[in-house]
$ cat model-v5.cif   # mmCIF, C-alpha atoms and all ligand atoms
data_run
#
loop_
_atom_site.group_PDB
_atom_site.id
_atom_site.type_symbol
_atom_site.label_atom_id
_atom_site.label_comp_id
_atom_site.auth_asym_id
_atom_site.auth_seq_id
_atom_site.Cartn_x
_atom_site.Cartn_y
_atom_site.Cartn_z
ATOM 1 C CA MET A 4 7.802 -18.621 -26.390
ATOM 2 C CA PRO A 5 4.832 -16.943 -24.750
ATOM 3 C CA GLU A 6 3.651 -13.724 -26.293
ATOM 4 C CA GLU A 7 5.722 -10.624 -25.552
ATOM 5 C CA PRO A 8 4.521 -9.050 -22.303
ATOM 6 C CA PRO A 9 3.538 -5.422 -22.153
ATOM 7 C CA VAL A 10 6.372 -3.460 -20.505
ATOM 8 C CA GLU A 11 4.077 -2.417 -17.701
ATOM 9 C CA ILE A 12 0.441 -3.035 -16.985
ATOM 10 C CA GLY A 13 -1.568 -0.641 -14.876
ATOM 11 C CA LEU A 14 -4.135 -3.287 -14.042
ATOM 12 C CA GLY A 15 -6.393 -0.785 -12.317
ATOM 13 C CA ASN A 16 -8.780 -1.618 -9.535
ATOM 14 C CA THR A 17 -10.951 -4.159 -11.322
ATOM 15 C CA HIS A 18 -8.459 -7.041 -11.464
ATOM 16 C CA PRO A 19 -5.454 -5.748 -9.581
ATOM 17 C CA LEU A 20 -4.005 -9.222 -8.978
ATOM 18 C CA THR A 21 -4.593 -10.829 -12.367
ATOM 19 C CA GLY A 22 -1.563 -12.386 -14.009
ATOM 20 C CA GLY A 23 0.514 -13.046 -10.858
ATOM 21 C CA LEU A 24 1.739 -16.519 -9.951
ATOM 22 C CA GLY A 25 0.484 -18.304 -13.088
ATOM 23 C CA SER A 26 2.391 -16.013 -15.433
ATOM 24 C CA PRO A 27 5.690 -16.952 -17.134
ATOM 25 C CA TRP A 28 6.830 -13.336 -16.689
ATOM 26 C CA GLN A 29 8.351 -11.586 -13.700
ATOM 27 C CA HIS A 30 6.150 -9.060 -11.890
ATOM 28 C CA THR A 31 6.682 -6.104 -9.607
ATOM 29 C CA LEU A 32 4.301 -3.602 -8.030
ATOM 30 C CA ALA A 33 2.779 -0.897 -10.244
ATOM 31 C CA THR A 34 3.339 1.696 -7.516
ATOM 32 C CA ALA A 35 4.574 1.951 -3.897
ATOM 33 C CA VAL A 36 2.317 1.228 -0.929
ATOM 34 C CA GLU A 37 2.731 1.450 2.870
ATOM 35 C CA GLN A 38 1.513 -0.461 5.897
ATOM 36 C CA SER A 39 2.310 0.188 9.596
ATOM 37 C CA GLY A 40 1.871 -1.730 12.819
ATOM 38 C CA VAL A 41 3.422 -3.495 15.790
ATOM 39 C CA GLY A 42 5.810 -6.467 15.587
ATOM 40 C CA LEU A 43 4.628 -9.682 17.285
ATOM 41 C CA HIS A 44 7.782 -10.395 19.277
ATOM 42 C CA SER A 45 9.439 -6.985 19.739
ATOM 43 C CA GLY A 46 6.256 -4.949 20.214
ATOM 44 C CA ILE A 47 8.022 -2.230 18.157
ATOM 45 C CA HIS A 48 5.913 -0.102 15.789
ATOM 46 C CA THR A 49 7.328 -0.030 12.241
ATOM 47 C CA THR A 50 6.303 1.170 8.792
ATOM 48 C CA VAL A 51 6.886 -1.004 5.726
ATOM 49 C CA ARG A 52 6.953 0.599 2.290
ATOM 50 C CA LEU A 53 6.672 -1.824 -0.642
ATOM 51 C CA CYS A 54 8.262 -0.301 -3.759
ATOM 52 C CA PRO A 55 8.619 -1.455 -7.388
ATOM 53 C CA ALA A 56 12.001 -3.063 -8.257
ATOM 54 C CA SER A 57 13.735 -3.964 -11.516
ATOM 55 C CA VAL A 58 13.821 -7.402 -13.140
ATOM 56 C CA HIS A 59 16.046 -10.028 -11.447
ATOM 57 C CA GLN A 60 16.383 -7.903 -8.274
ATOM 58 C CA GLY A 61 14.152 -10.268 -6.323
ATOM 59 C CA ARG A 62 12.496 -9.497 -2.999
ATOM 60 C CA PHE A 63 14.733 -7.599 -0.570
ATOM 61 C CA PHE A 64 14.467 -5.588 2.644
ATOM 62 C CA VAL A 65 16.156 -2.227 3.223
ATOM 63 C CA ARG A 66 16.619 -1.089 6.852
ATOM 64 C CA VAL A 67 16.029 2.600 6.141
ATOM 65 C CA ASP A 68 16.475 3.495 9.846
ATOM 66 C CA LEU A 69 20.099 2.243 9.977
ATOM 67 C CA PRO A 70 23.244 4.041 8.789
ATOM 68 C CA GLY A 71 23.984 3.200 5.151
ATOM 69 C CA GLN A 72 20.495 1.688 4.738
ATOM 70 C CA PRO A 73 21.685 -1.961 4.609
ATOM 71 C CA VAL A 74 20.014 -4.341 2.177
ATOM 72 C CA ILE A 75 18.847 -7.765 3.400
ATOM 73 C CA PRO A 76 17.850 -10.126 0.580
ATOM 74 C CA ALA A 77 14.771 -12.276 1.261
ATOM 75 C CA ARG A 78 16.819 -15.355 0.390
ATOM 76 C CA VAL A 79 18.004 -18.464 2.239
ATOM 77 C CA SER A 80 21.536 -17.015 2.209
ATOM 78 C CA ALA A 81 20.360 -14.357 4.718
ATOM 79 C CA LEU A 82 18.536 -16.779 7.069
ATOM 80 C CA HIS A 83 19.429 -16.144 10.694
ATOM 81 C CA GLU A 84 17.120 -17.192 13.540
ATOM 82 C CA THR A 85 13.965 -19.261 13.227
ATOM 83 C CA GLN A 86 12.639 -19.346 16.804
ATOM 84 C CA LEU A 87 8.855 -18.828 16.485
ATOM 85 C CA SER A 88 9.345 -16.589 13.461
ATOM 86 C CA THR A 89 11.694 -16.296 10.494
ATOM 87 C CA GLU A 90 14.495 -13.748 10.856
ATOM 88 C CA LEU A 91 16.926 -12.568 8.184
ATOM 89 C CA ALA A 92 20.267 -10.849 8.778
ATOM 90 C CA ILE A 93 23.199 -9.339 6.922
ATOM 91 C CA ALA A 94 25.957 -8.479 9.423
ATOM 92 C CA ALA A 95 24.290 -6.489 12.246
ATOM 93 C CA ALA A 96 21.188 -5.600 10.215
ATOM 94 C CA THR A 97 18.246 -7.891 10.966
ATOM 95 C CA VAL A 98 14.575 -8.125 10.099
ATOM 96 C CA ARG A 99 12.242 -10.427 11.931
ATOM 97 C CA THR A 100 8.855 -12.114 11.346
ATOM 98 C CA VAL A 101 9.121 -11.775 7.574
ATOM 99 C CA GLU A 102 7.024 -14.844 6.721
ATOM 100 C CA HIS A 103 3.498 -13.435 6.320
ATOM 101 C CA LEU A 104 4.584 -10.503 4.139
ATOM 102 C CA LEU A 105 6.817 -12.770 2.024
ATOM 103 C CA ALA A 106 3.982 -15.307 1.660
ATOM 104 C CA ALA A 107 1.673 -12.539 0.378
ATOM 105 C CA LEU A 108 4.262 -11.288 -2.127
ATOM 106 C CA ALA A 109 5.241 -14.761 -3.373
ATOM 107 C CA GLY A 110 1.662 -16.103 -3.240
ATOM 108 C CA LEU A 111 0.495 -13.259 -5.493
ATOM 109 C CA GLY A 112 3.491 -13.570 -7.835
ATOM 110 C CA VAL A 113 5.449 -10.404 -6.921
ATOM 111 C CA ASP A 114 9.021 -11.377 -7.921
ATOM 112 C CA ASN A 115 10.799 -8.044 -7.578
ATOM 113 C CA VAL A 116 10.104 -5.693 -4.680
ATOM 114 C CA ARG A 117 12.107 -3.319 -2.504
ATOM 115 C CA ILE A 118 10.755 -3.619 1.050
ATOM 116 C CA GLU A 119 11.752 -0.544 3.055
ATOM 117 C CA ILE A 120 11.341 -0.972 6.811
ATOM 118 C CA ASN A 121 12.240 1.479 9.610
ATOM 119 C CA GLY A 122 12.773 -1.075 12.384
ATOM 120 C CA PRO A 123 13.696 -4.683 13.212
ATOM 121 C CA GLU A 124 10.344 -6.482 12.806
ATOM 122 C CA VAL A 125 7.591 -6.633 10.174
ATOM 123 C CA PRO A 126 4.199 -5.581 11.621
ATOM 124 C CA LEU A 127 1.905 -8.466 12.549
ATOM 125 C CA LEU A 128 -1.240 -6.503 11.521
ATOM 126 C CA ASP A 129 -4.250 -8.805 12.058
ATOM 127 C CA GLY A 130 -2.048 -11.926 12.367
ATOM 128 C CA SER A 131 -2.699 -13.039 8.783
ATOM 129 C CA ALA A 132 -1.541 -11.930 5.318
ATOM 130 C CA ARG A 133 -4.892 -10.319 4.455
ATOM 131 C CA LEU A 134 -3.820 -6.689 4.916
ATOM 132 C CA TRP A 135 -0.613 -7.338 2.940
ATOM 133 C CA VAL A 136 -2.729 -8.747 0.113
ATOM 134 C CA GLU A 137 -4.964 -5.657 0.257
ATOM 135 C CA ALA A 138 -1.908 -3.373 0.124
ATOM 136 C CA ILE A 139 -0.486 -5.277 -2.878
ATOM 137 C CA ALA A 140 -3.886 -5.143 -4.607
ATOM 138 C CA GLN A 141 -4.053 -1.405 -3.963
ATOM 139 C CA ALA A 142 -0.606 -0.977 -5.572
ATOM 140 C CA GLY A 143 -1.461 -3.321 -8.472
ATOM 141 C CA LEU A 144 0.922 -5.669 -10.279
ATOM 142 C CA ALA A 145 3.145 -4.697 -13.208
ATOM 143 C CA CYS A 146 4.313 -7.339 -15.681
ATOM 144 C CA GLN A 147 8.029 -7.072 -16.532
ATOM 145 C CA SER A 148 10.052 -7.922 -19.641
ATOM 146 C CA ALA A 149 11.952 -10.889 -18.225
ATOM 147 C CA ALA A 150 10.921 -14.525 -17.868
ATOM 148 C CA ARG A 151 10.585 -16.074 -14.422
ATOM 149 C CA SER A 152 13.066 -18.801 -13.479
ATOM 150 C CA CYS A 153 11.582 -22.210 -12.837
ATOM 151 C CA TYR A 154 12.764 -25.555 -11.549
ATOM 152 C CA GLU A 155 11.189 -28.975 -11.947
ATOM 153 C CA LEU A 156 11.966 -31.211 -8.968
ATOM 154 C CA ASP A 157 13.087 -34.563 -10.426
ATOM 155 C CA ALA A 158 13.518 -36.649 -7.245
ATOM 156 C CA PRO A 159 12.110 -36.550 -3.693
ATOM 157 C CA LEU A 160 13.718 -34.209 -1.208
ATOM 158 C CA TRP A 161 12.976 -34.127 2.528
ATOM 159 C CA VAL A 162 13.933 -33.025 6.010
ATOM 160 C CA GLN A 163 12.712 -34.746 9.175
ATOM 161 C CA ASP A 164 12.782 -34.190 12.918
ATOM 162 C CA GLY A 165 11.065 -36.941 14.919
ATOM 163 C CA ASP A 166 7.591 -37.347 13.440
ATOM 164 C CA ALA A 167 7.693 -33.868 11.867
ATOM 165 C CA PHE A 168 8.790 -33.508 8.244
ATOM 166 C CA VAL A 169 8.777 -31.450 5.075
ATOM 167 C CA VAL A 170 8.956 -33.402 1.828
ATOM 168 C CA GLY A 171 9.016 -32.306 -1.812
ATOM 169 C CA MET A 172 7.829 -34.759 -4.452
ATOM 170 C CA PRO A 173 8.024 -34.453 -8.250
ATOM 171 C CA ALA A 174 4.577 -33.341 -9.474
ATOM 172 C CA SER A 175 2.832 -32.051 -12.577
ATOM 173 C CA GLU A 176 2.190 -28.679 -10.943
ATOM 174 C CA LEU A 177 2.985 -26.674 -7.812
ATOM 175 C CA ARG A 178 1.049 -27.760 -4.755
ATOM 176 C CA PHE A 179 1.457 -27.283 -0.989
ATOM 177 C CA THR A 180 -0.100 -29.591 1.634
ATOM 178 C CA TYR A 181 0.054 -29.184 5.422
ATOM 179 C CA GLY A 182 -0.971 -31.381 8.349
ATOM 180 C CA ILE A 183 -1.040 -30.595 12.083
ATOM 181 C CA ASP A 184 -2.039 -32.680 15.089
ATOM 182 C CA PHE A 185 -2.759 -31.151 18.512
ATOM 183 C CA ASP A 186 -4.060 -32.739 21.719
ATOM 184 C CA LEU A 187 -6.476 -29.831 22.149
ATOM 185 C CA GLU A 188 -9.902 -30.860 20.916
ATOM 186 C CA ALA A 189 -10.606 -27.485 19.266
ATOM 187 C CA ILE A 190 -7.631 -28.000 16.912
ATOM 188 C CA GLY A 191 -7.041 -31.771 16.678
ATOM 189 C CA ASN A 192 -5.878 -33.201 13.330
ATOM 190 C CA GLN A 193 -6.220 -30.813 10.370
ATOM 191 C CA TRP A 194 -5.048 -30.917 6.735
ATOM 192 C CA GLN A 195 -5.121 -28.360 3.946
ATOM 193 C CA SER A 196 -3.831 -28.310 0.370
ATOM 194 C CA TRP A 197 -3.268 -25.284 -1.807
ATOM 195 C CA SER A 198 -2.557 -25.303 -5.512
ATOM 196 C CA PRO A 199 -2.245 -21.812 -7.065
ATOM 197 C CA SER A 200 -3.925 -22.989 -10.279
ATOM 198 C CA GLN A 201 -7.047 -24.063 -8.371
ATOM 199 C CA MET A 202 -7.487 -21.629 -5.491
ATOM 200 C CA PRO A 203 -6.578 -17.946 -5.197
ATOM 201 C CA PHE A 204 -4.033 -17.347 -2.430
ATOM 202 C CA GLN A 205 -5.907 -14.225 -1.355
ATOM 203 C CA SER A 206 -9.097 -16.088 -0.404
ATOM 204 C CA ALA A 207 -7.845 -19.591 0.525
ATOM 205 C CA ILE A 208 -4.698 -18.895 2.541
ATOM 206 C CA ALA A 209 -4.033 -15.191 3.177
ATOM 207 C CA PRO A 210 -6.870 -14.584 5.721
ATOM 208 C CA ALA A 211 -5.725 -17.387 8.106
ATOM 209 C CA ARG A 212 -4.392 -15.884 11.357
ATOM 210 C CA THR A 213 -1.546 -16.775 13.702
ATOM 211 C CA PHE A 214 -2.636 -18.972 16.602
ATOM 212 C CA GLY A 215 -1.255 -19.761 20.032
ATOM 213 C CA LEU A 216 -1.982 -22.035 22.957
ATOM 214 C CA ALA A 217 -3.163 -20.320 26.155
ATOM 215 C CA ASP A 218 -0.843 -22.330 28.423
ATOM 216 C CA GLN A 219 2.266 -21.363 26.396
ATOM 217 C CA ILE A 220 1.559 -17.640 26.166
ATOM 218 C CA GLU A 221 2.703 -16.750 29.705
ATOM 219 C CA GLN A 222 5.881 -18.782 29.188
ATOM 220 C CA LEU A 223 6.655 -16.909 25.935
ATOM 221 C CA GLN A 224 5.982 -13.545 27.574
ATOM 222 C CA ARG A 225 8.365 -14.436 30.414
ATOM 223 C CA ALA A 226 10.993 -15.246 27.771
ATOM 224 C CA GLY A 227 10.595 -11.677 26.405
ATOM 225 C CA LEU A 228 8.703 -12.830 23.302
ATOM 226 C CA ILE A 229 5.273 -11.964 21.837
ATOM 227 C CA LYS A 230 5.340 -8.433 23.312
ATOM 228 C CA GLY A 231 3.094 -7.290 20.437
ATOM 229 C CA GLY A 232 0.708 -10.273 20.643
ATOM 230 C CA SER A 233 -2.934 -9.698 21.619
ATOM 231 C CA LEU A 234 -6.372 -11.203 21.195
ATOM 232 C CA ASP A 235 -6.757 -8.846 18.189
ATOM 233 C CA ASN A 236 -3.889 -10.342 16.193
ATOM 234 C CA ALA A 237 -3.723 -14.007 17.232
ATOM 235 C CA LEU A 238 -6.233 -16.783 17.812
ATOM 236 C CA VAL A 239 -5.764 -18.272 21.269
ATOM 237 C CA CYS A 240 -6.824 -21.813 22.124
ATOM 238 C CA GLY A 241 -7.346 -23.219 25.628
ATOM 239 C CA THR A 242 -8.521 -26.566 26.961
ATOM 240 C CA GLN A 243 -12.131 -25.321 26.828
ATOM 241 C CA GLY A 244 -11.834 -24.183 23.190
ATOM 242 C CA TRP A 245 -11.067 -20.941 21.366
ATOM 243 C CA ILE A 246 -10.831 -17.889 23.640
ATOM 244 C CA ASN A 247 -11.515 -15.336 20.856
ATOM 245 C CA PRO A 248 -13.761 -16.850 18.184
ATOM 246 C CA PRO A 249 -15.130 -16.752 15.520
ATOM 247 C CA LEU A 250 -12.648 -18.464 13.211
ATOM 248 C CA ARG A 251 -12.385 -17.388 9.559
ATOM 249 C CA PHE A 252 -12.163 -21.052 8.436
ATOM 250 C CA SER A 253 -13.028 -24.209 10.416
ATOM 251 C CA ASN A 254 -9.383 -25.273 9.890
ATOM 252 C CA GLU A 255 -7.845 -21.799 10.190
ATOM 253 C CA PRO A 256 -4.779 -23.059 12.169
ATOM 254 C CA VAL A 257 -3.533 -25.427 9.456
ATOM 255 C CA ARG A 258 -4.200 -22.821 6.766
ATOM 256 C CA HIS A 259 -2.004 -20.439 8.763
ATOM 257 C CA LYS A 260 0.755 -23.069 8.931
ATOM 258 C CA LEU A 261 0.491 -23.383 5.153
ATOM 259 C CA LEU A 262 0.811 -19.576 4.898
ATOM 260 C CA ASP A 263 4.009 -19.732 6.990
ATOM 261 C CA LEU A 264 5.339 -22.552 4.769
ATOM 262 C CA VAL A 265 4.704 -20.538 1.576
ATOM 263 C CA GLY A 266 6.544 -17.547 3.092
ATOM 264 C CA ASP A 267 9.505 -19.655 4.220
ATOM 265 C CA ILE A 268 9.825 -21.567 0.924
ATOM 266 C CA SER A 269 9.735 -18.231 -0.952
ATOM 267 C CA LEU A 270 13.264 -17.643 0.410
ATOM 268 C CA VAL A 271 14.462 -20.089 -2.276
ATOM 269 C CA GLY A 272 13.689 -17.333 -4.817
ATOM 270 C CA LEU A 273 11.333 -19.470 -6.906
ATOM 271 C CA PHE A 274 8.636 -22.050 -6.304
ATOM 272 C CA PRO A 275 9.642 -25.416 -7.789
ATOM 273 C CA GLN A 276 7.274 -27.523 -9.850
ATOM 274 C CA ALA A 277 6.708 -29.978 -6.983
ATOM 275 C CA HIS A 278 4.247 -31.069 -4.318
ATOM 276 C CA ILE A 279 5.609 -29.819 -0.976
ATOM 277 C CA THR A 280 4.031 -31.453 2.075
ATOM 278 C CA ALA A 281 4.732 -30.504 5.687
ATOM 279 C CA TYR A 282 3.538 -32.298 8.809
ATOM 280 C CA LYS A 283 3.807 -30.810 12.327
ATOM 281 C CA ALA A 284 6.692 -28.701 11.086
ATOM 282 C CA SER A 285 8.139 -25.394 12.310
ATOM 283 C CA HIS A 286 9.947 -22.409 10.802
ATOM 284 C CA ARG A 287 13.203 -24.240 11.560
ATOM 285 C CA LEU A 288 12.151 -27.285 9.513
ATOM 286 C CA HIS A 289 10.577 -25.183 6.711
ATOM 287 C CA THR A 290 13.813 -23.222 6.324
ATOM 288 C CA ALA A 291 15.968 -26.381 6.548
ATOM 289 C CA PHE A 292 13.945 -27.664 3.582
ATOM 290 C CA ALA A 293 14.358 -24.311 1.782
ATOM 291 C CA HIS A 294 18.148 -24.625 2.240
ATOM 292 C CA GLN A 295 18.163 -28.161 0.794
ATOM 293 C CA LEU A 296 15.972 -27.179 -2.133
ATOM 294 C CA SER A 297 18.166 -24.172 -2.834
ATOM 295 C CA SER A 298 21.332 -26.323 -2.868
ATOM 296 C CA ARG A 299 19.639 -28.857 -5.166
ATOM 297 C CA ILE A 300 18.678 -26.048 -7.570
ATOM 298 C CA ASP A 301 22.190 -24.557 -7.440
ATOM 299 C CA GLN A 302 23.664 -27.963 -8.353
ATOM 300 C CA GLN A 303 21.431 -28.269 -11.388
ATOM 301 C CA SER A 304 20.517 -25.696 -13.957
ATOM 302 C CA LYS A 305 17.409 -23.607 -13.723
ATOM 303 C CA CYS A 306 15.244 -23.011 -16.742
ATOM 304 C CA THR A 307 12.990 -20.122 -17.643
ATOM 305 C CA MET A 308 9.283 -20.624 -18.049
ATOM 306 C CA ASP A 309 9.520 -19.865 -21.763
ATOM 307 C CA GLY A 310 11.886 -22.830 -22.126
HETATM 308 ZN ZN ZN B 401 2.698 -17.274 10.973
#
$ encode --input "model-v5.cif" --output "structure tokens" --more "lines below"
Ligand SMILES: [Zn+2]
Amino acid sequence: MPEEPPVEIGLGNTHPLTGGLGSPWQHTLATAVEQSGVGLHSGIHTTVRLCPASVHQGRFFVRVDLPGQPVIPARVSALHETQLSTELAIAAATVRTVEHLLAALAGLGVDNVRIEINGPEVPLLDGSARLWVEAIAQAGLACQSAARSCYELDAPLWVQDGDAFVVGMPASELRFTYGIDFDLEAIGNQWQSWSPSQMPFQSAIAPARTFGLADQIEQLQRAGLIKGGSLDNALVCGTQGWINPPLRFSNEPVRHKLLDLVGDISLVGLFPQAHITAYKASHRLHTAFAHQLSSRIDQQSKCTMDG
């Protein structure tokens, strides 16, 4: 048994994110915090309020603008559409482009959070998870008196579509690896790994922004998508190179794909002890893997990190 956790820690401003993902204990936010902006696909301006939640409640959205304020759990059971972004739905209540916010919450170890939103799409902000991380740091984390569930993957698990795949392998600790391969010279072949025990999410992954290809943007706009996209919230790449440099990392695109993967896998409700590798994958493939992993976990018994 680990030592008893304090009921609540006001971690203050010095180390507001200490004790997150590496802890055996569940965490929530110490206080509520808000962030507003425009959704990438809808172009609709919304406000998100992140509020503390009780142990075992998990991460869940509340559409506060709809009658009855419907609750949409951030779980694979609520997965709906995955065209260019990850969308959750319960009956007619939907919430779209949840992946960057969920990656920030899961990547920093926020297990229980009530996410109030007054519209159908999470704001894109600067295209990365950086402003979500700053909001969570401003709120601070609170340790809770319940152990986190865990799951040790004991055999390989994978989904594949052509040469794209997501695979989970048994491993001694949690690790994510991503690979992409584009014909455009400015992107090319890129790989990135992230292990929470070795690199902080907030500096290694969170700042990586959404990217798009110049020749696909017009097509997406004609299809009624990316109404809220701009050169301020997405990196755009053309045949001559990046249209709006500088990049935050030389391999910022693959780090962003890894950010999306972390957000999509968070819908399982826990990160398994496994090495999860994705290659040329999409939200559809990430979430197909999350479904498989979730079924595998449901078939076997979970443990808690205190054994
Ligand atoms: Zn993304």
$ residues_near_point --input "model-v5.cif" --point "(-5.7, -15.2, 4.1)" --cutoff "8 Å" --atoms "all atoms listed in the file" --output "PyMOL selection string"
chain A and resi 131-133+204-212+259+262
$ write_last_selection --input "model-v5.cif" --atoms "C-alpha atoms" --output "PDB file, keeping the file's coordinate frame"
ATOM      1  CA  SER A 131      -2.699 -13.039   8.783  1.00  0.00           C
ATOM      2  CA  ALA A 132      -1.541 -11.930   5.318  1.00  0.00           C
ATOM      3  CA  ARG A 133      -4.892 -10.319   4.455  1.00  0.00           C
ATOM      4  CA  PHE A 204      -4.033 -17.347  -2.430  1.00  0.00           C
ATOM      5  CA  GLN A 205      -5.907 -14.225  -1.355  1.00  0.00           C
ATOM      6  CA  SER A 206      -9.097 -16.088  -0.404  1.00  0.00           C
ATOM      7  CA  ALA A 207      -7.845 -19.591   0.525  1.00  0.00           C
ATOM      8  CA  ILE A 208      -4.698 -18.895   2.541  1.00  0.00           C
ATOM      9  CA  ALA A 209      -4.033 -15.191   3.177  1.00  0.00           C
ATOM     10  CA  PRO A 210      -6.870 -14.584   5.721  1.00  0.00           C
ATOM     11  CA  ALA A 211      -5.725 -17.387   8.106  1.00  0.00           C
ATOM     12  CA  ARG A 212      -4.392 -15.884  11.357  1.00  0.00           C
ATOM     13  CA  HIS A 259      -2.004 -20.439   8.763  1.00  0.00           C
ATOM     14  CA  LEU A 262       0.811 -19.576   4.898  1.00  0.00           C
TER      15      LEU A 262
END
$ residues_near_ligand --input "model-v5.cif" --ligand "ligand ZN 401 (chain B)" --cutoff "12 Å" --atoms "all atoms listed in the file" --output "VMD selection string"
chain A and resid 43 to 44 85 to 89 99 to 107 125 to 132 208 to 215 236 to 238 255 to 267 285 to 286 289
$ write_last_selection --input "model-v5.cif" --atoms "C-alpha atoms" --output "PDB file, in the coordinates of the input"
ATOM      1  CA  LEU A  43       4.628  -9.682  17.285  1.00  0.00           C
ATOM      2  CA  HIS A  44       7.782 -10.395  19.277  1.00  0.00           C
ATOM      3  CA  THR A  85      13.965 -19.261  13.227  1.00  0.00           C
ATOM      4  CA  GLN A  86      12.639 -19.346  16.804  1.00  0.00           C
ATOM      5  CA  LEU A  87       8.855 -18.828  16.485  1.00  0.00           C
ATOM      6  CA  SER A  88       9.345 -16.589  13.461  1.00  0.00           C
ATOM      7  CA  THR A  89      11.694 -16.296  10.494  1.00  0.00           C
ATOM      8  CA  ARG A  99      12.242 -10.427  11.931  1.00  0.00           C
ATOM      9  CA  THR A 100       8.855 -12.114  11.346  1.00  0.00           C
ATOM     10  CA  VAL A 101       9.121 -11.775   7.574  1.00  0.00           C
ATOM     11  CA  GLU A 102       7.024 -14.844   6.721  1.00  0.00           C
ATOM     12  CA  HIS A 103       3.498 -13.435   6.320  1.00  0.00           C
ATOM     13  CA  LEU A 104       4.584 -10.503   4.139  1.00  0.00           C
ATOM     14  CA  LEU A 105       6.817 -12.770   2.024  1.00  0.00           C
ATOM     15  CA  ALA A 106       3.982 -15.307   1.660  1.00  0.00           C
ATOM     16  CA  ALA A 107       1.673 -12.539   0.378  1.00  0.00           C
ATOM     17  CA  VAL A 125       7.591  -6.633  10.174  1.00  0.00           C
ATOM     18  CA  PRO A 126       4.199  -5.581  11.621  1.00  0.00           C
ATOM     19  CA  LEU A 127       1.905  -8.466  12.549  1.00  0.00           C
ATOM     20  CA  LEU A 128      -1.240  -6.503  11.521  1.00  0.00           C
ATOM     21  CA  ASP A 129      -4.250  -8.805  12.058  1.00  0.00           C
ATOM     22  CA  GLY A 130      -2.048 -11.926  12.367  1.00  0.00           C
ATOM     23  CA  SER A 131      -2.699 -13.039   8.783  1.00  0.00           C
ATOM     24  CA  ALA A 132      -1.541 -11.930   5.318  1.00  0.00           C
ATOM     25  CA  ILE A 208      -4.698 -18.895   2.541  1.00  0.00           C
ATOM     26  CA  ALA A 209      -4.033 -15.191   3.177  1.00  0.00           C
ATOM     27  CA  PRO A 210      -6.870 -14.584   5.721  1.00  0.00           C
ATOM     28  CA  ALA A 211      -5.725 -17.387   8.106  1.00  0.00           C
ATOM     29  CA  ARG A 212      -4.392 -15.884  11.357  1.00  0.00           C
ATOM     30  CA  THR A 213      -1.546 -16.775  13.702  1.00  0.00           C
ATOM     31  CA  PHE A 214      -2.636 -18.972  16.602  1.00  0.00           C
ATOM     32  CA  GLY A 215      -1.255 -19.761  20.032  1.00  0.00           C
ATOM     33  CA  ASN A 236      -3.889 -10.342  16.193  1.00  0.00           C
ATOM     34  CA  ALA A 237      -3.723 -14.007  17.232  1.00  0.00           C
ATOM     35  CA  LEU A 238      -6.233 -16.783  17.812  1.00  0.00           C
ATOM     36  CA  GLU A 255      -7.845 -21.799  10.190  1.00  0.00           C
ATOM     37  CA  PRO A 256      -4.779 -23.059  12.169  1.00  0.00           C
ATOM     38  CA  VAL A 257      -3.533 -25.427   9.456  1.00  0.00           C
ATOM     39  CA  ARG A 258      -4.200 -22.821   6.766  1.00  0.00           C
ATOM     40  CA  HIS A 259      -2.004 -20.439   8.763  1.00  0.00           C
ATOM     41  CA  LYS A 260       0.755 -23.069   8.931  1.00  0.00           C
ATOM     42  CA  LEU A 261       0.491 -23.383   5.153  1.00  0.00           C
ATOM     43  CA  LEU A 262       0.811 -19.576   4.898  1.00  0.00           C
ATOM     44  CA  ASP A 263       4.009 -19.732   6.990  1.00  0.00           C
ATOM     45  CA  LEU A 264       5.339 -22.552   4.769  1.00  0.00           C
ATOM     46  CA  VAL A 265       4.704 -20.538   1.576  1.00  0.00           C
ATOM     47  CA  GLY A 266       6.544 -17.547   3.092  1.00  0.00           C
ATOM     48  CA  ASP A 267       9.505 -19.655   4.220  1.00  0.00           C
ATOM     49  CA  SER A 285       8.139 -25.394  12.310  1.00  0.00           C
ATOM     50  CA  HIS A 286       9.947 -22.409  10.802  1.00  0.00           C
ATOM     51  CA  HIS A 289      10.577 -25.183   6.711  1.00  0.00           C
TER      52      HIS A 289
END
$ atom_distance --input "model-v5.cif" --atom1 "atom CA of A:Gly272" --atom2 "atom CA of A:Glu124"
21.0 Å
$ atom_distance --input "model-v5.cif" --atom1 "atom CA of A:Arg62" --atom2 "atom CA of A:Phe292"
19.4 Å
$ residues_near_point --input "model-v5.cif" --point "(11.4, -40.5, -6.6)" --cutoff "12 Å" --atoms "all atoms listed in the file" --output "tab-separated table (two decimals) with C-alpha atoms, in the frame of the given file"
chain	number	residue	atom	x	y	z
A	156	LEU	CA	11.97	-31.21	-8.97
A	157	ASP	CA	13.09	-34.56	-10.43
A	158	ALA	CA	13.52	-36.65	-7.24
A	159	PRO	CA	12.11	-36.55	-3.69
A	160	LEU	CA	13.72	-34.21	-1.21
A	161	TRP	CA	12.98	-34.13	2.53
A	170	VAL	CA	8.96	-33.40	1.83
A	171	GLY	CA	9.02	-32.31	-1.81
A	172	MET	CA	7.83	-34.76	-4.45
A	173	PRO	CA	8.02	-34.45	-8.25
A	174	ALA	CA	4.58	-33.34	-9.47
A	277	ALA	CA	6.71	-29.98	-6.98
$ axis_aligned_box --input "model-v5.cif" --around "stretch 137-152 of chain A" --padding-each-side "6 Å" --output "AutoDock Vina command-line options"
--center_x 4.1 --center_y -9.9 --center_z -9.7 --size_x 30.0 --size_y 29.8 --size_z 31.9
$ atom_distance --input "model-v5.cif" --atom1 "atom CA of A:Phe168" --atom2 "atom CA of A:Ala293"
12.5 Å
